[in-house]
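Below is one structure, written out as structure tokens; comments come after it.
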Amino acid sequence: MTSTDTAADGVASFPAAGERACTIQTTVNGVRVERALDPRMTLVEFLREDLELTGTKVSCGLQVCGVCTVLVDDQPVSSCTYLAADVDGRAVRTVEGLAREGALNGLQRSFAEEFALQCGFCTPGFLMMATALLERDPDPTEETIREYLDGNFCRCTGYQPIVAAVRRAAARKAGEAGGEPS
Ligand code: FES
Ligand code: FES
């Protein structure tokens, strides 16, 4: 990351609000991105406003609800409080990166098949958190799923179909690995 912050007479000077005073290089869903930005910009602002990737939602803005979850170097983070400048040199994955050539992936299809969404506002966060879980544990128990998704809130579907969708996605993946079509 490069910054235009300067110090004069030993006193740090900070860029004005909105001033795009630092430049980052990152990859977002496999695409290399270089941008100048305000060092105070949050990652969700960067994704939604600069890159027009509006699949990631924002609600509480306080790292409480999980709606804004994306993956940075495969780790789930709350993009509402994560600084965009901190993805310099890192790889970001958002919900837009899950589908392949326009086709929903197995996890997304499982959410649809289990009716694990209604308004869908919380769904991108659940999908990204579940993606991280299944990459760590391809066959999680129901208890593990509930614990892992504990920080993601849904206010209209209820959690049972969401847990079932993650279980279905795990079974689907195992079937694919065993050569059975899903
Ligand atoms: S909007 Fe980021 S955790 Fe709620
Ligand atoms: S589907 Fe509406 S808040 Fe979860």
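Simple scheme: letters A, B, ... for chains in structure tokens order, numbers from 1 for residues in each chain, numbers from 1 for ligands in the order shown.
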List all protein, DNA and RNA residues that have an atom no more than 7 Å from any atom of ligand 1, counting only C-alpha atoms and all ligand atoms, and report them as a PDB file with C-alpha atoms, in the first residue's frame.
```
ATOM      1  CA  LYS A  57     -25.200  -6.088   2.279  1.00  0.00           C
ATOM      2  CA  VAL A  58     -24.711  -3.866   5.301  1.00  0.00           C
ATOM      3  CA  SER A  59     -27.059  -3.577   8.240  1.00  0.00           C
ATOM      4  CA  CYS A  60     -25.756  -2.962  11.763  1.00  0.00           C
ATOM      5  CA  GLY A  61     -22.398  -1.504  10.731  1.00  0.00           C
ATOM      6  CA  LEU A  62     -21.090  -2.672  14.091  1.00  0.00           C
ATOM      7  CA  GLN A  63     -19.771  -6.199  13.465  1.00  0.00           C
ATOM      8  CA  VAL A  64     -22.805  -7.726  15.139  1.00  0.00           C
ATOM      9  CA  CYS A  65     -25.168  -9.217  12.539  1.00  0.00           C
ATOM     10  CA  GLY A  66     -22.921 -10.983   9.999  1.00  0.00           C
ATOM     11  CA  VAL A  67     -24.827  -9.618   7.001  1.00  0.00           C
ATOM     12  CA  CYS A  68     -21.693  -8.062   5.500  1.00  0.00           C
ATOM     13  CA  THR A  69     -19.465 -11.154   5.754  1.00  0.00           C
ATOM     14  CA  SER A  78     -17.174  -8.280   8.788  1.00  0.00           C
ATOM     15  CA  SER A  79     -16.660  -5.914   5.888  1.00  0.00           C
ATOM     16  CA  CYS A  80     -18.583  -3.132   7.684  1.00  0.00           C
ATOM     17  CA  THR A  81     -15.724  -2.609  10.122  1.00  0.00           C
TER      18      THR A  81
END
```
Within 12 Å of Ala177 of chain A using only C-alpha atoms, minus same-chain residues under 6 positions, as a compact mmCIF listing (two decimals) with N, CA and C atoms, in the first residue's frame:
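Output file part.txt is given in full below:
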```
# COMPACT_ATOMS: atom_id res chain seq x y z
N PRO A 138 -15.51 -30.31 5.68
CA PRO A 138 -16.44 -30.68 4.60
C PRO A 138 -17.67 -31.44 5.08
N ALA A 170 -23.04 -30.05 2.05
CA ALA A 170 -21.94 -30.96 2.40
C ALA A 170 -22.17 -32.33 1.77
N ALA A 171 -23.40 -32.83 1.85
CA ALA A 171 -23.72 -34.13 1.27
C ALA A 171 -23.57 -34.10 -0.24
```
Let's see if you can do this: from backbone DSSP, list all alpha helix (DSSP H) residues in segment 37-180 of chain A, as a ChimeraX atom specification.
/A:43-45,106-113,123-136,142-148,160-177
Generate a file of the selected residues that holds C-alpha atoms, formatted as a short mmCIF file (atom, residue, chain, number, x, y, z; two decimals), in the first residue's frame.
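Result saved to selection-v1.cif:
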```cif
data_model
loop_
_atom_site.label_atom_id
_atom_site.label_comp_id
_atom_site.auth_asym_id
_atom_site.auth_seq_id
_atom_site.Cartn_x
_atom_site.Cartn_y
_atom_site.Cartn_z
CA LEU A 43 -14.35 -2.79 2.84
CA VAL A 44 -18.10 -2.94 2.27
CA GLU A 45 -18.07 0.65 1.00
CA GLY A 106 -23.89 -26.39 -4.78
CA LEU A 107 -24.24 -24.33 -1.62
CA GLN A 108 -26.40 -21.74 -3.34
CA ARG A 109 -28.59 -24.44 -4.89
CA SER A 110 -28.92 -26.08 -1.49
CA PHE A 111 -30.19 -22.82 0.02
CA ALA A 112 -32.82 -22.62 -2.71
CA GLU A 113 -33.84 -26.27 -2.35
CA THR A 123 -28.22 -14.66 2.61
CA PRO A 124 -24.89 -13.38 1.19
CA GLY A 125 -23.43 -13.30 4.69
CA PHE A 126 -24.67 -16.82 5.46
CA LEU A 127 -23.35 -18.11 2.15
CA MET A 128 -19.88 -16.70 2.71
CA MET A 129 -19.70 -17.92 6.29
CA ALA A 130 -20.91 -21.38 5.25
CA THR A 131 -18.37 -21.39 2.43
CA ALA A 132 -15.59 -20.79 4.96
CA LEU A 133 -16.98 -23.54 7.20
CA LEU A 134 -17.23 -26.15 4.43
CA GLU A 135 -13.70 -25.37 3.27
CA ARG A 136 -12.46 -26.13 6.79
CA GLU A 142 -25.52 -29.75 12.90
CA GLU A 143 -24.02 -28.54 16.17
CA THR A 144 -20.87 -27.32 14.39
CA ILE A 145 -22.95 -25.50 11.78
CA ARG A 146 -25.01 -23.78 14.44
CA GLU A 147 -21.89 -22.73 16.33
CA TYR A 148 -20.12 -21.48 13.20
CA GLN A 160 -33.46 -24.64 10.71
CA PRO A 161 -33.67 -24.42 6.88
CA ILE A 162 -30.31 -22.65 6.78
CA VAL A 163 -28.66 -25.41 8.81
CA ALA A 164 -30.36 -28.00 6.58
CA ALA A 165 -29.04 -26.20 3.50
CA VAL A 166 -25.46 -26.37 4.75
CA ARG A 167 -25.89 -30.08 5.55
CA ARG A 168 -27.33 -30.63 2.07
CA ALA A 169 -24.40 -28.78 0.48
CA ALA A 170 -21.94 -30.96 2.40
CA ALA A 171 -23.72 -34.13 1.27
CA ARG A 172 -23.86 -32.84 -2.30
CA LYS A 173 -20.12 -32.15 -2.28
CA ALA A 174 -19.40 -35.61 -0.88
CA GLY A 175 -21.57 -37.13 -3.60
CA GLU A 176 -19.70 -35.19 -6.26
CA ALA A 177 -16.38 -36.36 -4.82
#
```
Close residues to ligand 2 using only C-alpha atoms and all ligand atoms, limit 6 Å, as JSON, numbers by chain:
{"A": [117, 118, 119, 120, 121, 122, 154, 155, 156, 157]}
Quick check, in Å to one decimal: how far apart do atom CA of Met41 of chain A and atom CA of Thr23 of chain A lie?
11.9 Å
Tell me which of A:Asn152, A:Glu101, A:Gly89, A:Thr27 sits closest to Val77 of chain A, counting only C-alpha atoms.
A:Asn152
Apply DSSP to the backbone of this structure and, from segment 17-154 of chain A, keep only the residues in strand (DSSP E or B); write these as a PyMOL selection string.
chain A and resi 22-28+31-37+42+69-72+75-78+83+91-93+100+103
File dump, residues just selected, C-alpha atoms, as an mmCIF file, in the first residue's frame:
```
data_model
loop_
_atom_site.group_PDB
_atom_site.id
_atom_site.type_symbol
_atom_site.label_atom_id
_atom_site.label_comp_id
_atom_site.auth_asym_id
_atom_site.auth_seq_id
_atom_site.Cartn_x
_atom_site.Cartn_y
_atom_site.Cartn_z
ATOM 1 C CA CYS A 22 -3.627 5.518 -0.471
ATOM 2 C CA THR A 23 -3.454 2.956 -3.238
ATOM 3 C CA ILE A 24 -4.113 -0.735 -2.827
ATOM 4 C CA GLN A 25 -3.639 -3.776 -5.010
ATOM 5 C CA THR A 26 -5.890 -6.707 -4.311
ATOM 6 C CA THR A 27 -7.805 -9.447 -6.040
ATOM 7 C CA VAL A 28 -11.578 -9.584 -5.782
ATOM 8 C CA VAL A 31 -9.798 -10.300 -10.604
ATOM 9 C CA ARG A 32 -6.832 -8.028 -9.940
ATOM 10 C CA VAL A 33 -7.853 -4.579 -8.747
ATOM 11 C CA GLU A 34 -5.748 -1.485 -8.120
ATOM 12 C CA ARG A 35 -7.485 1.550 -6.638
ATOM 13 C CA ALA A 36 -6.758 4.769 -4.840
ATOM 14 C CA LEU A 37 -9.020 5.160 -1.843
ATOM 15 C CA THR A 42 -14.592 0.332 4.909
ATOM 16 C CA THR A 69 -19.465 -11.154 5.754
ATOM 17 C CA VAL A 70 -16.897 -11.662 2.997
ATOM 18 C CA LEU A 71 -13.717 -13.739 2.889
ATOM 19 C CA VAL A 72 -10.243 -12.189 3.026
ATOM 20 C CA GLN A 75 -11.041 -15.937 6.500
ATOM 21 C CA PRO A 76 -14.532 -14.560 7.137
ATOM 22 C CA VAL A 77 -14.504 -10.877 8.099
ATOM 23 C CA SER A 78 -17.174 -8.280 8.788
ATOM 24 C CA LEU A 83 -10.790 -1.236 6.386
ATOM 25 C CA ALA A 91 -7.560 -11.931 -1.895
ATOM 26 C CA VAL A 92 -11.196 -11.007 -1.311
ATOM 27 C CA ARG A 93 -14.132 -13.256 -2.101
ATOM 28 C CA ARG A 100 -19.522 -20.389 -11.968
ATOM 29 C CA ALA A 103 -24.646 -21.291 -12.624
#
```
